[in-house]
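Asker: Provided below: start-v3.txt, containing compact mmCIF, C-alpha atoms.
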# COMPACT_ATOMS: atom_id res chain seq x y z
CA MET V 83 165.15 24.02 -64.02
CA THR V 84 167.69 24.10 -66.79
CA ASP V 85 170.96 25.97 -66.68
CA THR V 86 171.81 27.93 -69.75
CA VAL V 87 175.16 29.56 -70.27
CA THR V 88 174.79 33.30 -70.39
CA PRO V 89 176.90 34.63 -73.21
CA ALA V 90 178.43 38.09 -73.37
CA PRO V 91 175.39 40.24 -74.19
CA ALA V 92 177.14 42.51 -76.71
CA PHE V 93 178.34 39.55 -78.73
CA TRP V 94 174.92 37.99 -78.89
CA THR V 95 173.23 41.27 -79.67
CA ARG V 96 175.53 41.75 -82.67
CA THR V 97 175.20 38.17 -83.82
CA ARG V 98 171.48 38.28 -83.49
CA ARG V 99 171.21 41.51 -85.44
CA ARG V 100 173.37 40.16 -88.24
CA ALA V 101 171.40 36.93 -88.41
CA LYS V 102 168.17 38.89 -88.61
CA GLU V 103 169.50 41.14 -91.37
CA ALA V 104 170.58 38.16 -93.44
CA ARG V 105 167.27 36.42 -92.87
CA ASP V 106 165.23 39.50 -93.72
CA GLU V 107 167.18 40.05 -96.91
CA GLU V 108 166.71 36.49 -98.08
CA PHE V 109 163.04 36.50 -97.11
CA THR V 110 162.44 39.80 -98.92
CA ALA V 111 163.97 38.33 -102.07
CA PHE V 112 161.54 35.43 -101.83
CA VAL V 113 158.60 37.82 -101.40
CA GLU V 114 159.74 39.87 -104.38
CA ALA V 115 159.84 36.73 -106.50
CA SER V 116 156.62 35.12 -105.27
CA GLY V 117 154.46 37.70 -103.53
CA THR V 118 152.48 38.85 -106.55
CA ARG V 119 151.66 35.33 -107.72
CA LEU V 120 150.60 34.36 -104.20
CA ARG V 121 148.35 37.39 -103.90
CA ARG V 122 146.74 36.69 -107.27
CA SER V 123 146.05 33.10 -106.33
CA ALA V 124 144.63 34.30 -103.02
CA TYR V 125 142.37 36.64 -104.98
CA LEU V 126 141.13 33.82 -107.21
CA MET V 127 140.31 31.93 -104.03
CA CYS V 128 138.43 34.73 -102.27
CA ARG V 129 137.69 37.29 -105.05
CA ASP V 130 138.50 40.25 -102.83
CA TRP V 131 141.80 42.04 -103.30
CA HIS V 132 141.93 43.39 -99.76
CA LEU V 133 141.29 40.01 -98.25
CA ALA V 134 143.75 38.47 -100.70
CA GLN V 135 146.37 40.92 -99.47
CA ASP V 136 145.67 39.98 -95.83
CA LEU V 137 145.76 36.25 -96.55
CA THR V 138 149.03 36.62 -98.46
CA GLN V 139 150.61 38.64 -95.69
CA HIS V 140 149.49 36.08 -93.14
CA THR V 141 150.90 33.27 -95.27
CA LEU V 142 154.23 35.02 -95.61
CA ALA V 143 154.30 35.84 -91.90
CA LYS V 144 153.85 32.17 -91.04
CA MET V 145 156.70 31.34 -93.36
CA TYR V 146 158.90 34.05 -91.90
CA ALA V 147 158.27 32.67 -88.42
CA VAL V 148 159.84 29.34 -89.41
CA TRP V 149 162.14 30.68 -92.12
CA ASP V 150 165.33 29.21 -90.67
CA ARG V 151 163.91 25.72 -91.07
CA ILE V 152 162.29 26.09 -94.47
CA ARG V 153 164.69 28.39 -96.32
CA THR V 154 166.73 25.58 -97.83
CA ASN V 155 163.64 23.62 -98.79
CA ALA V 156 163.89 22.77 -102.49
CA SER V 157 160.18 23.21 -102.98
CA LEU V 158 159.72 26.49 -101.16
CA GLU V 159 157.26 27.62 -103.84
CA ALA V 160 155.05 24.59 -103.34
CA TYR V 161 155.40 24.96 -99.59
CA SER V 162 154.20 28.57 -99.80
CA ARG V 163 151.11 27.41 -101.74
CA ARG V 164 150.38 24.84 -99.12
CA VAL V 165 150.55 27.44 -96.38
CA LEU V 166 148.42 29.84 -98.43
CA MET V 167 145.72 27.27 -99.11
CA ASN V 168 145.62 26.27 -95.46
CA VAL V 169 145.24 29.92 -94.52
CA VAL V 170 142.43 30.25 -97.08
CA PHE V 171 140.66 27.07 -95.88
CA ASP V 172 140.97 28.27 -92.32
CA GLN V 173 139.54 31.65 -93.18
CA GLN V 174 136.62 30.07 -95.01
CA ARG V 175 135.92 27.77 -92.11
CA ARG V 176 135.82 30.68 -89.68
CA ARG V 177 133.65 32.62 -92.05
CA SER V 178 131.13 29.91 -92.81
CA GLY V 179 128.16 30.39 -90.56
CA SER V 180 128.69 34.13 -90.54
CA GLU V 181 126.67 36.43 -92.73
CA ILE V 182 128.89 36.36 -95.80
CA VAL V 183 128.26 33.60 -98.29
CA LEU V 184 130.56 33.99 -101.24
CA ALA V 185 128.32 32.29 -103.76
CA ASP V 186 125.44 34.62 -103.02
CA LEU V 187 127.29 37.84 -103.76
CA PRO V 188 126.12 39.88 -106.76
CA ASP V 189 127.36 38.78 -110.15
CA ARG V 190 129.34 41.84 -111.14
CA PRO V 191 130.79 43.62 -108.14
CA ASP V 192 133.57 45.55 -109.88
CA ALA V 193 133.27 45.75 -113.61
CA GLY V 194 135.00 48.64 -115.25
CA ALA V 195 138.73 48.12 -114.71
CA SER V 196 141.05 47.66 -117.64
CA GLY V 197 141.16 44.49 -119.71
CA ALA V 198 137.96 42.52 -120.13
CA PRO V 199 136.08 43.27 -116.93
CA GLU V 200 133.00 41.26 -117.74
CA LEU V 201 134.98 38.14 -118.51
CA ARG V 202 137.09 38.58 -115.41
CA VAL V 203 134.15 38.96 -113.05
CA THR V 204 132.43 36.02 -114.62
CA LEU V 205 135.28 33.57 -114.14
CA VAL V 206 135.98 34.67 -110.57
CA ASP V 207 132.29 34.48 -109.75
CA ALA V 208 132.06 31.01 -111.19
CA LEU V 209 135.08 29.97 -109.12
CA ALA V 210 133.40 31.30 -106.00
CA ARG V 211 130.55 28.87 -106.52
CA LEU V 212 132.82 25.86 -106.36
CA GLU V 213 133.65 23.92 -103.25
CA VAL V 214 136.77 25.56 -101.80
CA ARG V 215 139.09 22.59 -102.42
CA ASP V 216 137.88 22.21 -105.98
CA ARG V 217 138.61 25.90 -106.45
CA ALA V 218 142.09 25.35 -105.03
CA VAL V 219 142.72 22.55 -107.51
CA LEU V 220 141.74 24.76 -110.44
CA VAL V 221 143.80 27.72 -109.25
CA LEU V 222 146.92 25.65 -108.64
CA ARG V 223 146.53 23.55 -111.76
CA HIS V 224 145.44 26.15 -114.31
CA ALA V 225 146.29 29.61 -112.99
CA GLU V 226 149.65 28.52 -111.62
CA ASP V 227 150.36 25.69 -114.05
CA HIS V 228 151.49 23.19 -111.43
CA SER V 229 151.53 19.51 -112.40
CA VAL V 230 148.81 17.23 -111.08
CA GLU V 231 151.42 15.61 -108.82
CA THR V 232 152.52 18.95 -107.38
CA VAL V 233 148.91 19.99 -106.78
CA ALA V 234 148.35 16.70 -104.99
CA THR V 235 151.38 17.31 -102.77
CA ILE V 236 150.37 20.88 -102.01
CA LEU V 237 146.83 19.97 -101.03
CA GLY V 238 147.64 16.67 -99.37
CA LEU V 239 145.34 14.82 -101.77
CA SER V 240 145.96 11.74 -103.89
CA VAL V 241 146.69 12.20 -107.58
CA SER V 242 143.40 10.57 -108.50
CA ALA V 243 141.50 12.83 -106.11
CA VAL V 244 143.06 15.87 -107.80
CA LYS V 245 142.09 14.56 -111.22
CA MET V 246 138.59 13.84 -110.07
CA ARG V 247 138.16 17.27 -108.50
CA ASN V 248 139.69 18.95 -111.53
CA ALA V 249 137.27 17.26 -113.93
CA ARG V 250 134.31 17.92 -111.68
CA ALA V 251 135.24 21.59 -111.20
CA LEU V 252 135.79 22.14 -114.93
CA ASP V 253 132.38 20.61 -115.62
CA ARG V 254 130.85 22.92 -113.12
CA LEU V 255 132.61 25.97 -114.62
CA ARG V 256 131.35 24.95 -118.02
CA SER V 257 127.80 24.69 -116.77
CA VAL V 258 127.99 28.09 -115.06
CA LEU V 259 129.82 29.97 -117.80
CA GLY V 260 128.29 28.32 -120.85
CA GLU V 261 129.42 25.61 -123.20
CA ASP V 262 131.63 27.86 -125.30
CA PHE V 263 133.87 28.67 -122.34
CA LEU V 264 136.19 25.71 -122.50
CA ASP V 265 135.55 24.31 -125.91
CA HIS V 266 138.32 26.00 -127.82
CA MET Y 173 142.32 23.76 -123.77
CA ASN Y 174 144.67 24.21 -120.84
CA ARG Y 175 146.45 27.04 -122.57
CA ASP Y 176 143.17 28.82 -123.12
CA LEU Y 177 142.18 28.26 -119.52
CA ARG Y 178 145.48 29.69 -118.38
CA ASP Y 179 144.78 32.85 -120.37
CA ARG Y 180 141.36 33.12 -118.79
CA PHE Y 181 142.88 32.95 -115.33
CA ASP Y 182 145.47 35.54 -116.28
CA GLY Y 183 142.64 37.78 -117.42
CA ALA Y 184 140.81 37.22 -114.17
CA VAL Y 185 143.61 38.77 -112.13
CA GLY Y 186 143.93 41.75 -114.48
CA GLY Y 187 142.43 44.01 -111.82
CA ASP Y 188 145.35 43.44 -109.45
CA PRO Y 189 145.77 46.79 -107.68
CA GLY Y 190 149.41 45.88 -107.07
CA VAL Y 191 151.34 46.18 -103.85
CA PRO Y 192 155.06 46.93 -103.73
CA PRO Y 193 156.71 43.60 -102.77
CA GLY Y 194 159.00 45.43 -100.36
CA GLU Y 195 156.00 46.62 -98.40
CA LEU Y 196 154.50 43.17 -98.38
CA ALA Y 197 157.79 41.73 -97.12
CA MET Y 198 158.04 44.31 -94.34
CA ALA Y 199 154.49 43.69 -93.19
CA ALA Y 200 155.06 39.92 -93.24
CA ILE Y 201 158.30 40.28 -91.29
CA ALA Y 202 156.54 42.35 -88.62
CA GLU Y 203 153.69 39.88 -88.28
CA GLY Y 204 156.01 36.88 -88.59
CA SER Y 205 158.23 38.23 -85.82
CA ARG Y 206 155.25 38.23 -83.49
CA ILE Y 207 154.47 34.59 -84.33
CA ARG Y 208 158.14 33.84 -83.83
CA ARG Y 209 158.22 35.36 -80.38
CA ARG Y 210 155.11 33.45 -79.45
CA THR Y 211 156.69 30.13 -80.40
CA ARG Y 212 160.23 30.98 -79.37
CA ILE Y 213 160.57 28.46 -76.61
CA ALA Y 214 159.09 25.66 -78.68
CA ALA Y 215 161.39 26.57 -81.54
CA GLY Y 216 164.32 26.46 -79.13
CA VAL Y 217 163.48 22.86 -78.39
CA ALA Y 218 163.56 22.21 -82.13
CA THR Y 219 167.12 23.43 -82.51
CA GLY Y 220 168.31 21.71 -79.36
CA LEU Y 221 169.44 24.93 -77.74
CA VAL Y 222 167.34 24.64 -74.64
CA LEU Y 223 165.69 21.93 -72.69
CA VAL Y 224 162.51 22.96 -70.99
CA ALA Y 225 161.49 19.58 -69.61
CA GLY Y 226 159.48 20.40 -66.55
CA GLY Y 227 161.40 23.56 -65.89
CA ALA Y 228 159.88 26.99 -65.62
CA ALA Y 229 162.92 28.92 -66.78
CA GLY Y 230 162.75 31.08 -69.87
CA ALA Y 231 165.77 30.87 -72.12
CA ALA Y 232 167.38 33.48 -74.30
CA LEU Y 233 167.99 32.14 -77.79
CA PRO Y 234 170.58 33.62 -80.11
CA TRP Y 235 168.08 34.99 -82.57
CA GLY Y 236 165.15 35.91 -80.35
CA ALA Y 237 164.77 38.88 -78.10
CA PRO Y 238 165.83 37.55 -74.71
CA ASP Y 239 162.97 37.59 -72.28
CA PRO Y 240 164.05 35.65 -69.23
CA ALA Y 241 160.88 36.67 -67.43
CA ALA Y 242 158.67 34.64 -69.76
CA PRO Y 243 158.09 31.19 -68.29
CA ALA Y 244 158.14 28.39 -70.84
CA PRO Y 245 154.70 26.85 -70.31
CA GLU Y 246 152.95 30.18 -70.78
CA THR Y 247 154.72 30.65 -74.07
CA ILE Y 248 153.56 27.34 -75.47
CA ALA Y 249 150.06 27.90 -74.20
CA ALA Y 250 150.21 31.35 -75.74
CA ALA Y 251 151.07 29.76 -79.05
CA MET Y 252 147.71 28.07 -78.92
CA LEU Y 253 145.87 31.25 -78.06
CA PRO Y 254 144.50 32.04 -81.50
CA VAL Y 255 142.61 28.79 -81.63
CA SER Y 256 139.38 30.15 -80.29
CA ALA Y 257 136.41 27.93 -81.02
CA PRO Y 258 134.75 29.16 -84.22
CA THR Y 259 131.54 30.29 -82.51
CA CYS Y 260 133.30 32.09 -79.62
CA SER Y 261 134.81 35.57 -79.48
CA GLU Y 262 137.79 35.57 -81.80
CA ARG Y 263 140.06 37.13 -79.19
CA PRO Y 264 140.34 36.31 -75.53
CA VAL Y 265 138.37 38.61 -73.24
CA ASP Y 266 139.62 39.93 -69.90
CA GLU Y 267 136.23 40.18 -68.26
CA ASN Y 268 132.74 38.76 -68.42
CA ALA Y 269 133.87 35.58 -70.13
CA THR Y 270 131.39 32.73 -70.31
CA ASP Y 271 134.17 30.15 -70.69
CA LEU Y 272 137.63 29.82 -69.20
CA ALA Y 273 140.66 27.70 -70.07
CA VAL Y 274 142.84 27.23 -66.98
CA PHE Y 275 146.32 26.11 -68.03
CA LEU Y 276 148.56 24.33 -65.58
CA ALA Y 277 152.30 24.89 -65.59
CA THR Y 278 154.06 22.00 -67.33
CA GLY Y 279 155.93 21.47 -64.09
CA ALA Y 280 152.79 21.35 -61.96
CA THR Y 281 152.79 18.49 -59.46
CA ASP Y 282 150.06 15.87 -59.11
CA GLY Y 283 149.11 17.51 -55.84
CA GLN Y 284 148.73 20.90 -57.47
CA ARG Y 285 146.61 19.42 -60.24
CA ALA Y 286 144.38 17.70 -57.72
CA GLU Y 287 143.97 20.94 -55.84
CA VAL Y 288 142.94 22.86 -58.95
CA GLU Y 289 140.61 20.04 -59.91
CA ALA Y 290 138.96 20.10 -56.51
CA ALA Y 291 138.65 23.88 -56.68
CA VAL Y 292 136.86 23.87 -60.05
CA HIS Y 293 134.58 20.98 -59.16
CA ASP Y 294 133.57 22.46 -55.81
CA ASP Y 295 132.88 25.91 -57.19
CA ALA Y 296 129.14 26.50 -57.60
CA ARG Y 297 129.85 29.29 -60.08
CA VAL Y 298 131.32 26.72 -62.48
CA ASP Y 299 128.71 24.93 -64.53
CA VAL Y 300 130.76 22.42 -66.57
CA VAL Y 301 134.35 21.20 -66.26
CA VAL Y 302 136.31 19.40 -68.97
CA PHE Y 303 139.91 18.33 -68.46
CA GLU Y 304 142.28 18.51 -71.41
CA SER Y 305 145.24 16.19 -71.22
CA ARG Y 306 148.73 16.77 -72.56
CA ASP Y 307 148.07 14.36 -75.42
CA SER Y 308 145.00 16.20 -76.51
CA ALA Y 309 146.79 19.57 -76.24
CA TYR Y 310 149.59 18.19 -78.37
CA GLU Y 311 147.18 16.91 -81.00
CA ARG Y 312 145.50 20.26 -81.21
CA PHE Y 313 148.83 21.98 -81.61
CA ALA Y 314 149.98 19.52 -84.28
CA ASP Y 315 146.76 20.18 -86.14
CA LEU Y 316 147.23 23.94 -85.91
CA TRP Y 317 150.78 23.70 -87.24
CA ALA Y 318 150.05 21.02 -89.81
CA ASP Y 319 151.71 23.15 -92.46
CA SER Y 320 155.01 23.07 -90.55
CA PRO Y 321 155.59 19.35 -89.97
CA ASP Y 322 159.25 19.83 -89.03
CA PHE Y 323 158.23 22.19 -86.29
CA VAL Y 324 155.65 19.81 -84.91
CA ALA Y 325 158.02 16.84 -85.13
CA ALA Y 326 160.55 18.69 -83.02
CA LEU Y 327 158.16 19.12 -80.13
CA ASP Y 328 157.64 16.73 -77.31
CA VAL Y 329 154.22 15.98 -75.95
CA ARG Y 330 155.61 16.57 -72.44
CA GLU Y 331 156.10 20.26 -73.22
CA PHE Y 332 152.37 20.81 -73.52
CA PRO Y 333 150.25 22.09 -70.67
CA GLU Y 334 147.25 20.36 -69.21
CA SER Y 335 144.18 22.49 -68.75
CA PHE Y 336 140.76 22.61 -67.21
CA ARG Y 337 138.08 23.97 -69.53
CA LEU Y 338 135.24 25.64 -67.68
CA ARG Y 339 131.83 26.97 -68.50
CA LEU Y 340 130.61 29.48 -65.95
CA VAL Y 341 127.07 29.70 -64.68
CA SER Y 342 127.12 33.43 -65.36
CA PRO Y 343 129.67 35.75 -67.01
CA GLU Y 344 129.36 38.20 -64.09
CA GLN Y 345 131.23 35.69 -61.97
CA ASP Y 346 134.21 35.58 -64.32
CA ALA Y 347 136.40 37.96 -62.32
CA ALA Y 348 135.79 36.20 -59.00
CA VAL Y 349 136.42 32.72 -60.42
CA ARG Y 350 139.53 33.82 -62.26
CA GLY Y 351 140.88 35.57 -59.19
CA ARG Y 352 140.43 32.49 -57.07
CA LEU Y 353 141.97 30.06 -59.58
CA ALA Y 354 144.86 32.31 -60.59
CA ALA Y 355 146.00 32.32 -56.97
CA LEU Y 356 146.38 28.53 -56.87
CA PRO Y 357 149.90 27.11 -57.17
CA GLY Y 358 150.46 25.26 -60.46
CA VAL Y 359 148.14 27.50 -62.49
CA SER Y 360 150.12 29.27 -65.18
CA GLN Y 361 147.53 31.08 -67.27
CA ILE Y 362 143.79 31.61 -67.58
CA ILE Y 363 142.18 32.54 -70.87
CA GLY Y 364 138.58 33.69 -71.14
CA HIS Y 365 136.20 33.74 -74.11
CA THR Y 366 132.60 34.71 -74.72
CA CYS Y 367 130.80 31.75 -76.22
CA PRO Y 368 127.30 30.56 -77.05
CA LYS Y 369 125.98 27.46 -75.29
CA SER Y 370 126.72 25.33 -78.34
CA ALA Y 371 130.47 26.05 -78.24
CA PRO Y 372 132.98 23.57 -76.84
CA VAL Y 373 133.44 24.11 -73.10
CA GLY Y 374 136.36 26.44 -72.45
CA GLY Y 375 136.00 28.38 -75.68
CA LEU Y 376 139.01 26.85 -77.41
CA ARG Y 377 139.04 24.47 -80.31
Taking this structure as input, can you express it in the form of structure tokens?
Answerer:
Amino acid sequence: MTDTVTPAPAFWTRTRRRAKEARDEEFTAFVEASGTRLRRSAYLMCRDWHLAQDLTQHTLAKMYAVWDRIRTNASLEAYSRRVLMNVVFDQQRRRSGSEIVLADLPDRPDAGASGAPELRVTLVDALARLEVRDRAVLVLRHAEDHSVETVATILGLSVSAVKMRNARALDRLRSVLGEDFLDH
Amino acid sequence: MNRDLRDRFDGAVGGDPGVPPGELAMAAIAEGSRIRRRTRIAAGVATGLVLVAGGAAGAALPWGAPDPAAPAPETIAAAMLPVSAPTCSERPVDENATDLAVFLATGATDGQRAEVEAAVHDDARVDVVVFESRDSAYERFADLWADSPDFVAALDVREFPESFRLRLVSPEQDAAVRGRLAALPGVSQIIGHTCPKSAPVGGLR
């Protein structure tokens, strides 16, 4: 049994509230800067905006839970990607074996929004057919523009493994989307 | 080629319905606060504010809601709650479980452990018994929190509870078995799951 000094409750209540306010403010600033990018990457990983929103929230919640320890981390952005990808991998693992198989979904679930809907659906569909870690490499490397080294750090892979997966995944995209896709 | 690819990816997220970042932050803070409460004691160890070695006392930390009634071992075990085995019910069930995980208090004595062990082995309603050691509990936890290495590094294997993982002969006997085991000294928490036969005994990963 450990003795702990019991501080004056009012003092601690105030201190605690102030610490929480400061933390929440700082955390909110991070979410404002990074939330949209995280959600978009989550979408590219799971091609469902609702699920992407849930995965992003869960990622941010995990970060909030340990915010005091990670807030000064110089590579908070990369850290957030690592947490996101782990959340995505976890979700896919839980889901595999259940009735939903991403690669078997129809080709064009939501054409019709602004921009170039057909192109958009096609790329996201093609991504869905890749192995999940290959997909993560492409999203981090090409949608987010991280260096090969950063991608390797985020995913806990070696640099050569990232290069190998990148080349393999691009080949696969090319074969799914047609030769003209990446030949410009 | 990379530039072109980048444009393609940008196009692919053109359907972003958009969510106000403030809302996202608030939702994450609410959910994150729950995770935080669940791991409060463990986090306290990380910052050196409390020492829980073998003790059963909860400790109020400066930034957490004080909850002196919450015994430390339960809190750490609770942190592992979400790790249901993939084929089992995602959430713990309060009745008609096929599998039980019986956590011992971290301060449980050898005698208490032996008593619980005898109770589960002698019980005809229990089909299979698997003991999970502290080391194995720690490894599972480290795996679960692999994305927070600092957090894991701050924890001591001695803080983790031992447990007996049980498969019951029949889910109808869940209540009776739980009632009997919960009454034994040294038992801190019992978690039930509904699992298929192929799942790991106890229903946790």
Asker: Nearest to Leu120 in chain V among V:Val233, V:Ala225, V:Leu220, V:Ala147, with distances taken over all atoms listed in the file: which residue is it?
Answerer: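 Using all atoms listed in the file, the shortest distance to Leu120 in chain V belongs to V:Ala225.
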Asker: Dump as a compact mmCIF listing (two decimals) with C-alpha atoms, keeping the file's coordinate frame all residues having an atom at most 10 Å from (164.1, 29.1, -101.5), computed in the file's coordinates with all atoms listed in the file.
Answerer:
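Done, and the output landed in out.txt:
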# COMPACT_ATOMS: atom_id res chain seq x y z
CA GLU V 108 166.71 36.49 -98.08
CA PHE V 109 163.04 36.50 -97.11
CA ALA V 111 163.97 38.33 -102.07
CA PHE V 112 161.54 35.43 -101.83
CA TRP V 149 162.14 30.68 -92.12
CA ILE V 152 162.29 26.09 -94.47
CA ARG V 153 164.69 28.39 -96.32
CA THR V 154 166.73 25.58 -97.83
CA ASN V 155 163.64 23.62 -98.79
CA ALA V 156 163.89 22.77 -102.49
CA SER V 157 160.18 23.21 -102.98
CA LEU V 158 159.72 26.49 -101.16
CA GLU V 159 157.26 27.62 -103.84
CA TYR V 161 155.40 24.96 -99.59
Asker: Find the residues in chain V near chain Y: any atom within 6 Å counts, using all atoms listed in the file. Write them as a PyMOL selection string.
Answerer: chain V and resi 83+98+110+113-114+139+142-144+146-147+165+176+202+224-225
Asker: Find, counting only C-alpha atoms, the residue in V:Arg121, V:Gly260, V:Ala160, V:Val219 that gets nearest to Ser240 in chain V.
Answerer: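 Checking each candidate against Ser240 in chain V, we get V:Val219 as the closest.
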Asker: Go ahead and compute the interatomic distance for CA of Ala104 in chain V and CA of Arg119 in chain V, in Å to one decimal.
Answerer: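 So the two atoms, CA of Ala104 in chain V and CA of Arg119 in chain V, lie 23.9 Å apart.
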Asker: Name all residues at most 6 Å from range 303-307 of chain Y (count only C-alpha atoms; drop same-chain ones fewer than 5 positions away) and give them as a VMD selection string.
Answerer: chain Y and resid 332 to 336
Asker: To one decimal place in Å, what is the distance between CA of Arg350 in chain Y and CA of Arg377 in chain Y?
Answerer: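 Spanning CA of Arg350 in chain Y to CA of Arg377 in chain Y is a straight-line distance of 20.3 Å.
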Asker: Skipping near chain neighbours, those fewer than 2 positions away, what residues fall within 9 Å of Ala210 in chain V using all atoms listed in the file, listed as a PyMOL selection string?
Answerer: chain V and resi 126-129+184-185+205-208+212-214+217
Asker: Which residues come within 7 Å of Gly374 in chain Y, counting all atoms listed in the file, excluding same-chain residues fewer than 5 positions away, as a PyMOL selection string?
Answerer: chain Y and resi 271-273+337-339
Asker: Please compute the CA of Glu226 in chain V-CA of Asn248 in chain V distance, one decimal, in Å.
Answerer: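 Computing it gives 13.8 Å between the two atoms.
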Asker: Set the distance at 9 Å and use only C-alpha atoms: which residues neighbour Pro357 in chain Y once local chain neighbours fewer than 3 positions away are removed? I'd like the list as a list in words.
Answerer: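 Counting only C-alpha atoms, the residues come to Leu276, Ala280, Gln284, Arg285, Glu287, Val288, Leu353, Ala354 and Ser360 of chain Y.
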